[in-house]
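Q: My file is protein.txt. It has compact mmCIF, C-alpha atoms:
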```
# COMPACT_ATOMS: atom_id res chain seq x y z
CA MET A 181 -54.90 216.07 -13.32
CA THR A 182 -54.91 212.29 -13.45
CA HIS A 183 -57.79 210.15 -12.43
CA GLN A 184 -57.91 206.64 -11.03
CA VAL A 185 -60.02 203.81 -12.36
CA HIS A 186 -60.57 201.18 -9.68
CA ALA A 187 -61.45 198.16 -11.81
CA PHE A 188 -62.75 194.85 -10.42
CA GLU A 189 -63.41 192.46 -13.30
CA PRO A 190 -64.81 190.46 -11.50
CA PRO A 191 -64.72 191.38 -7.79
CA GLU A 192 -64.60 188.82 -5.01
CA ARG A 193 -67.44 190.79 -3.39
CA PHE A 194 -69.50 193.79 -4.50
CA VAL A 195 -72.22 195.07 -2.16
CA ALA A 196 -74.22 198.07 -1.09
CA GLY A 197 -74.09 198.79 2.63
CA THR A 198 -74.41 201.47 5.26
CA VAL A 199 -72.63 202.90 8.24
CA GLY A 200 -74.65 204.57 11.00
CA GLU A 201 -78.09 204.41 12.53
CA PRO A 202 -81.35 204.70 10.53
CA GLY A 203 -81.96 208.37 9.84
CA ASP A 204 -78.22 209.07 9.97
CA ARG A 205 -76.82 206.41 7.63
CA THR A 206 -74.16 206.85 5.00
CA PHE A 207 -74.58 204.56 1.99
CA TYR A 208 -71.64 202.90 0.26
CA LEU A 209 -70.83 200.68 -2.67
CA GLN A 210 -67.93 198.45 -1.74
CA ALA A 211 -65.83 196.24 -4.00
CA ARG A 212 -63.22 193.75 -2.81
CA GLY A 213 -60.73 191.79 -4.86
CA GLY A 214 -57.03 191.24 -5.39
CA GLY A 215 -56.19 192.35 -1.86
CA ARG A 216 -57.94 195.71 -2.36
CA VAL A 217 -61.11 197.12 -0.82
CA ILE A 218 -62.64 200.23 -2.38
CA SER A 219 -65.62 202.03 -0.81
CA VAL A 220 -67.47 204.89 -2.49
CA ALA A 221 -70.24 206.94 -0.86
CA LEU A 222 -73.56 207.67 -2.49
CA GLU A 223 -77.13 208.64 -1.66
CA LYS A 224 -79.89 206.24 -0.62
CA VAL A 225 -81.91 207.14 -3.72
CA GLN A 226 -78.92 206.24 -5.91
CA VAL A 227 -78.74 202.77 -4.33
CA SER A 228 -82.47 202.29 -4.85
CA LEU A 229 -82.35 203.45 -8.49
CA LEU A 230 -79.26 201.32 -9.17
CA ALA A 231 -81.10 198.20 -8.02
CA GLU A 232 -84.15 199.12 -10.12
CA LYS A 233 -82.13 199.86 -13.26
CA LEU A 234 -80.03 196.69 -12.87
CA GLU A 235 -83.26 194.69 -12.74
CA GLU A 236 -84.43 196.40 -15.95
CA LEU A 237 -81.03 195.75 -17.57
CA LEU A 238 -81.23 192.02 -16.80
CA LEU A 239 -84.75 191.83 -18.24
CA GLU A 240 -83.66 193.67 -21.38
CA ALA A 241 -80.60 191.40 -21.79
CA ASN A 242 -82.92 188.42 -21.51
CA LYS A 243 -85.32 189.82 -24.10
CA ARG A 244 -82.67 190.98 -26.61
CA PHE A 245 -79.84 188.48 -26.20
CA GLY A 246 -81.50 185.47 -24.58
CA VAL A 247 -79.48 185.75 -21.37
CA THR A 248 -80.76 183.33 -18.76
CA LEU A 249 -82.18 185.25 -15.82
CA PRO A 250 -81.00 184.00 -12.45
CA GLU A 251 -83.59 183.17 -9.84
CA ALA A 252 -83.87 185.28 -6.72
CA VAL A 253 -81.15 184.43 -4.22
CA LEU A 254 -82.30 181.97 -1.57
CA THR A 255 -82.49 183.36 1.95
CA ALA A 256 -79.63 181.08 3.00
CA GLY A 257 -77.49 182.52 0.20
CA HIS A 258 -77.93 186.17 1.21
CA ASP A 259 -74.80 188.20 1.90
CA ASN A 260 -75.75 189.78 5.22
CA GLU A 261 -72.20 190.49 6.31
CA PRO A 262 -71.30 194.07 7.19
CA LEU A 263 -69.05 196.17 5.00
CA ASP A 264 -65.35 195.33 5.19
CA THR A 265 -63.58 197.61 7.65
CA PRO A 266 -62.14 200.14 7.73
CA VAL A 267 -64.64 201.88 5.45
CA ASP A 268 -62.49 204.58 3.86
CA GLU A 269 -64.43 206.68 1.36
CA GLU A 270 -62.50 206.97 -1.92
CA PHE A 271 -64.94 209.49 -3.35
CA ARG A 272 -68.62 210.47 -3.47
CA VAL A 273 -70.52 209.15 -6.48
CA GLY A 274 -72.08 211.69 -8.81
CA THR A 275 -72.97 209.50 -11.80
CA LEU A 276 -73.73 205.81 -12.23
CA GLY A 277 -73.39 204.07 -15.57
CA LEU A 278 -74.67 200.62 -16.57
CA ALA A 279 -73.98 198.44 -19.58
CA PHE A 280 -74.38 194.85 -20.67
CA ASP A 281 -71.36 193.26 -22.37
CA VAL A 282 -72.78 190.76 -24.86
CA ASP A 283 -69.38 189.14 -25.56
CA THR A 284 -68.85 188.11 -21.93
CA SER A 285 -72.51 188.10 -20.79
CA THR A 286 -71.63 190.39 -17.89
CA VAL A 287 -73.06 193.56 -16.41
CA VAL A 288 -70.70 196.52 -16.15
CA ILE A 289 -71.36 199.07 -13.40
CA GLU A 290 -69.38 202.30 -13.33
CA ALA A 291 -69.58 204.76 -10.44
CA ILE A 292 -68.08 208.13 -11.36
CA GLU A 293 -66.94 210.71 -8.83
CA ALA A 294 -69.09 213.79 -8.31
CA GLY A 295 -67.29 216.61 -10.12
CA GLU A 296 -66.78 220.18 -9.10
CA PRO A 297 -67.92 222.77 -11.62
CA ASP A 298 -64.87 224.09 -13.48
CA ALA A 299 -63.79 227.52 -12.32
CA ASP A 300 -63.54 230.04 -15.15
CA LEU A 301 -60.13 231.66 -14.96
CA SER A 302 -60.60 234.09 -17.85
CA GLY A 303 -62.53 236.65 -15.84
CA SER A 304 -65.36 236.72 -18.38
CA PRO A 305 -68.67 235.40 -17.03
CA LEU A 306 -69.23 233.59 -20.34
CA GLY A 307 -65.69 232.26 -20.70
CA ASP A 308 -63.39 232.59 -23.71
CA GLU A 309 -65.44 232.26 -26.89
CA ASP A 310 -62.36 231.35 -28.96
CA ASP A 311 -61.66 228.23 -26.89
CA GLU A 312 -63.37 225.60 -29.06
CA ASP A 313 -61.43 222.69 -27.53
CA ALA A 314 -63.19 223.12 -24.19
CA ASP A 315 -66.42 221.70 -25.62
CA ASP A 316 -64.64 218.64 -27.03
CA ASP A 317 -63.49 217.39 -23.61
CA GLU A 318 -65.72 215.06 -21.65
CA PRO A 319 -66.71 216.77 -18.38
CA ASP A 320 -65.79 213.74 -16.30
CA ASP A 321 -62.45 212.77 -17.90
CA ASP A 322 -60.52 213.79 -14.78
CA LEU A 323 -62.83 212.09 -12.28
CA ASP A 324 -62.11 208.90 -10.37
CA ARG A 325 -64.17 205.82 -11.18
CA LEU A 326 -65.10 202.47 -9.73
CA ARG A 327 -65.76 199.90 -12.47
CA VAL A 328 -67.18 196.48 -11.64
CA ARG A 329 -68.02 193.59 -13.99
CA LEU A 330 -70.60 191.12 -12.64
CA THR A 331 -72.21 187.92 -13.84
CA PRO A 332 -76.03 187.95 -14.00
CA GLU A 333 -76.07 185.81 -10.81
CA ALA A 334 -73.81 188.28 -8.95
CA THR A 335 -75.96 191.13 -10.28
CA ARG A 336 -79.09 189.47 -8.89
CA ALA A 337 -77.38 189.02 -5.49
CA PHE A 338 -76.37 192.71 -5.53
CA ILE A 339 -79.95 193.78 -6.37
CA ASP A 340 -81.42 191.69 -3.54
CA ARG A 341 -78.97 193.04 -0.97
CA ALA A 342 -79.34 196.66 -2.15
CA ARG A 343 -83.11 196.43 -1.75
CA ARG A 344 -82.76 194.98 1.75
CA VAL A 345 -80.31 197.74 2.74
CA VAL A 346 -82.63 200.48 1.49
CA ALA A 347 -85.67 198.89 3.21
CA ALA A 348 -83.83 198.55 6.52
CA GLY A 349 -84.08 202.28 7.20
CA ARG A 350 -86.81 204.20 8.96
CA PRO A 351 -90.35 203.12 8.06
CA PRO A 352 -92.32 205.55 5.90
CA CYS A 353 -95.31 207.52 7.17
CA PRO A 354 -98.46 205.81 5.85
CA LEU A 355 -99.93 209.20 4.88
CA CYS A 356 -97.11 211.21 3.31
CA GLY A 357 -94.36 208.65 2.73
CA GLN A 358 -91.67 210.63 4.55
CA PRO A 359 -89.47 208.65 6.97
CA LEU A 360 -90.73 208.38 10.53
CA ASP A 361 -88.35 209.24 13.34
CA PRO A 362 -88.63 207.20 16.56
CA ALA A 363 -90.43 210.19 18.10
CA GLY A 364 -92.71 210.61 15.05
CA HIS A 365 -92.72 213.55 12.63
CA LEU A 366 -94.67 216.61 11.55
CA CYS A 367 -96.86 215.21 8.81
CA PRO A 368 -97.83 217.65 6.05
CA ARG A 369 -101.00 215.63 5.53
CA HIS A 370 -102.10 216.55 9.06
CA ASN A 371 -101.41 220.24 8.57
CA GLY A 372 -98.25 220.09 10.67
CA TYR A 373 -99.68 218.18 13.63
CA HIS A 374 -97.28 215.73 15.22
CA ARG A 375 -97.84 212.07 14.32
```
Using structure tokens, write down the structure that the file contains.
A:
Amino acid sequence: MTHQVHAFEPPERFVAGTVGEPGDRTFYLQARGGGRVISVALEKVQVSLLAEKLEELLLEANKRFGVTLPEAVLTAGHDNEPLDTPVDEEFRVGTLGLAFDVDTSTVVIEAIEAGEPDADLSGSPLGDEDDEDADDDEPDDDLDRLRVRLTPEATRAFIDRARRVVAAGRPPCPLCGQPLDPAGHLCPRHNGYHR
């Protein structure tokens, strides 16, 4: 089975965004460039962690390689535009990979499709013990990927927008931290009483 690598090196635009109302949003990473638009779905926590880890990557690149850290994007420079439509999901992200390319001083982000566990066709619950080549294959070789290469400035803009997108959801309960619905929620800190 062949896999596709959707590479944008660099993209015209790379953003995190959502479709839907708070509490029922679907999160996407979307890359645009060369007449193509690729959207991949992921979880809110993945967007939040991606922004956090990108921030750490920039700080580490600064410390190790002397990369100049870009300032936070000015409010006027924020990309507040919605996702490009139509938002057609290419795949759901299972794994995110990050790297810093010292030669080009760019950040490489790779979103890898969530894989299905391989079905064992041998009938044995443990598989065929003589098949040593199975362990040599990477588990995600046949999975689609979105690969994006960003400058530190574009990375900073992505981080800022991703944090705004995550924060734009339902406010957290001040006691338990779970999201509040417009009608409130059953707070475990109040022994199940409605808040």
Q: Tell me, as a list in words, which residues lie within 12 Å of His365 of chain A, counting all atoms listed in the file; anything in the same chain fewer than 3 positions away does not count.
A: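 The filter keeps Arg350, Pro351, Pro352, Cys353, Pro354, Leu355, Cys356, Gly357, Gln358, Pro359, Leu360, Asp361, Pro362, Pro368, Arg369, His370, Asn371, Gly372, Tyr373, His374 and Arg375 of chain A.
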Q: In Å, with one decimal, what is the gap from atom CA of Arg193 of chain A to atom CA of Leu238 of chain A?
A: 19.3 Å
Q: Using all atoms listed in the file for the distances, tell me which of A:Arg336, A:Arg205, A:Arg325, A:His258 is nearest to Glu223 of chain A.
A: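 Looking only at the distances to Glu223 of chain A, the closest residue turns out to be A:Arg205.
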Q: For Val199 of chain A, which residue out of A:Gly349, A:Pro332, A:Gly246, A:Gly277 is the nearest one, using all atoms listed in the file?
A: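 Closest residue, counting all atoms listed in the file: A:Gly349.
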Q: Just how far from atom CA of Val287 of chain A is atom CA of Gln184 of chain A, in Å to one decimal?
A: 20.7 Å
Q: Hey, can you check how far atom CA of Pro190 of chain A sits from atom CA of Asp264 of chain A?
A: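 Distance between the two atoms: 17.4 Å.
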Q: Draw an axis-aligned box over all listed atoms of segment 229-236 of chain A, pad each side with 5 Å, and write its centre and edge lengths in Å, one decimal, as AutoDock Vina command-line options.
A:
```
--center_x -81.8 --center_y 199.1 --center_z -12.0 --size_x 15.2 --size_y 18.8 --size_z 17.9
```
Q: Using all atoms listed in the file for the distances, tell me which of A:Asp283, A:Pro262, A:Pro250, A:Gly215 is nearest to Val195 of chain A.
A: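 Of the candidates, the smallest distance to Val195 of chain A is held by A:Pro262.
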Q: At a cut-off of 10 Å around the point (-70.4, 195.1, -1.9) (file coordinates), what residues fall inside when counting only C-alpha atoms? I'd like the answer as a list in words.
A: Pro191, Glu192, Arg193, Phe194, Val195, Ala196, Gly197, Tyr208, Leu209, Gln210, Ala211, Arg212, Val217, Ile218, Ser219, Asp259, Glu261, Pro262, Leu263, Asp264, Ala337, Phe338, Arg341 and Ala342 of chain A
Q: Closest to Gly213 of chain A among A:Arg329, A:Asp324, A:Leu239, A:Val345, using only C-alpha atoms?
A: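 Residue with the minimum atom-to-atom distance to Gly213 of chain A: A:Arg329.
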Q: With a distance cut-off of 8 Å and only C-alpha atoms, select the neighbouring residues of Val346 of chain A, excluding the residue or stretch itself and same-chain residues fewer than 4 positions from it, and output the selection as a PyMOL selection string.
A: chain A and resi 224+227-228+342
Q: My list of candidates is A:Glu270, A:Leu234, A:Ala241, A:Leu278. Which is closest to Ala294 of chain A when distances are computed with all atoms listed in the file?
A: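 Using all atoms listed in the file, the shortest distance to Ala294 of chain A belongs to A:Glu270.
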Q: Quick one: of A:Ala291, A:Leu323, A:Val328, A:Leu230, who's nearest to Phe188 of chain A, counting only C-alpha atoms?
A: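 Using only C-alpha atoms, the shortest distance to Phe188 of chain A belongs to A:Val328.
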Q: Please provide as a ChimeraX atom specification all residues within 9 Å of Thr286 of chain A, with the sequence filter that same-chain residues fewer than 2 positions apart are discarded (counting all atoms listed in the file).
A: /A:279-284,288,329-332,335
Q: Write out N, CA and C atoms for segment 272-296 of chain A, as a compact mmCIF listing (two decimals), in the coordinates of the input.
A:
```
# COMPACT_ATOMS: atom_id res chain seq x y z
N ARG A 272 -67.16 210.46 -3.47
CA ARG A 272 -68.62 210.47 -3.47
C ARG A 272 -69.08 210.34 -4.91
N VAL A 273 -70.04 209.45 -5.14
CA VAL A 273 -70.52 209.15 -6.48
C VAL A 273 -71.45 210.26 -6.97
N GLY A 274 -71.20 210.72 -8.18
CA GLY A 274 -72.08 211.69 -8.81
C GLY A 274 -72.92 211.05 -9.90
N THR A 275 -72.30 210.13 -10.66
CA THR A 275 -72.97 209.50 -11.80
C THR A 275 -72.76 208.00 -11.76
N LEU A 276 -73.81 207.27 -12.10
CA LEU A 276 -73.73 205.81 -12.23
C LEU A 276 -74.01 205.44 -13.68
N GLY A 277 -73.19 204.54 -14.21
CA GLY A 277 -73.39 204.07 -15.57
C GLY A 277 -73.55 202.57 -15.58
N LEU A 278 -74.41 202.06 -16.45
CA LEU A 278 -74.67 200.62 -16.57
C LEU A 278 -74.55 200.21 -18.03
N ALA A 279 -74.06 198.99 -18.23
CA ALA A 279 -73.98 198.44 -19.58
C ALA A 279 -74.03 196.92 -19.48
N PHE A 280 -74.42 196.30 -20.58
CA PHE A 280 -74.38 194.85 -20.67
C PHE A 280 -73.40 194.48 -21.77
N ASP A 281 -72.37 193.71 -21.42
CA ASP A 281 -71.36 193.26 -22.37
C ASP A 281 -71.82 191.93 -22.95
N VAL A 282 -72.24 191.95 -24.21
CA VAL A 282 -72.78 190.76 -24.86
C VAL A 282 -71.70 189.69 -25.02
N ASP A 283 -70.46 190.09 -25.32
CA ASP A 283 -69.38 189.14 -25.56
C ASP A 283 -69.10 188.26 -24.34
N THR A 284 -69.15 188.86 -23.15
CA THR A 284 -68.85 188.11 -21.93
C THR A 284 -70.08 187.80 -21.10
N SER A 285 -71.26 188.26 -21.54
CA SER A 285 -72.51 188.10 -20.79
C SER A 285 -72.37 188.60 -19.35
N THR A 286 -71.80 189.79 -19.22
CA THR A 286 -71.63 190.39 -17.89
C THR A 286 -72.23 191.79 -17.86
N VAL A 287 -72.54 192.21 -16.66
CA VAL A 287 -73.06 193.56 -16.41
C VAL A 287 -71.89 194.42 -15.95
N VAL A 288 -71.76 195.60 -16.53
CA VAL A 288 -70.70 196.52 -16.15
C VAL A 288 -71.35 197.70 -15.43
N ILE A 289 -70.87 197.95 -14.21
CA ILE A 289 -71.36 199.07 -13.40
C ILE A 289 -70.19 200.03 -13.22
N GLU A 290 -70.43 201.30 -13.51
CA GLU A 290 -69.38 202.30 -13.33
C GLU A 290 -69.92 203.43 -12.46
N ALA A 291 -69.23 203.66 -11.34
CA ALA A 291 -69.58 204.76 -10.44
C ALA A 291 -68.53 205.85 -10.64
N ILE A 292 -68.99 207.03 -11.04
CA ILE A 292 -68.08 208.13 -11.36
C ILE A 292 -68.19 209.20 -10.28
N GLU A 293 -67.04 209.70 -9.89
CA GLU A 293 -66.94 210.71 -8.83
C GLU A 293 -67.78 211.94 -9.16
N ALA A 294 -68.36 212.53 -8.13
CA ALA A 294 -69.09 213.79 -8.31
C ALA A 294 -68.06 214.87 -8.61
N GLY A 295 -68.26 215.59 -9.71
CA GLY A 295 -67.29 216.61 -10.12
C GLY A 295 -67.64 217.98 -9.60
N GLU A 296 -66.60 218.78 -9.46
CA GLU A 296 -66.78 220.18 -9.10
C GLU A 296 -66.95 220.96 -10.39
```
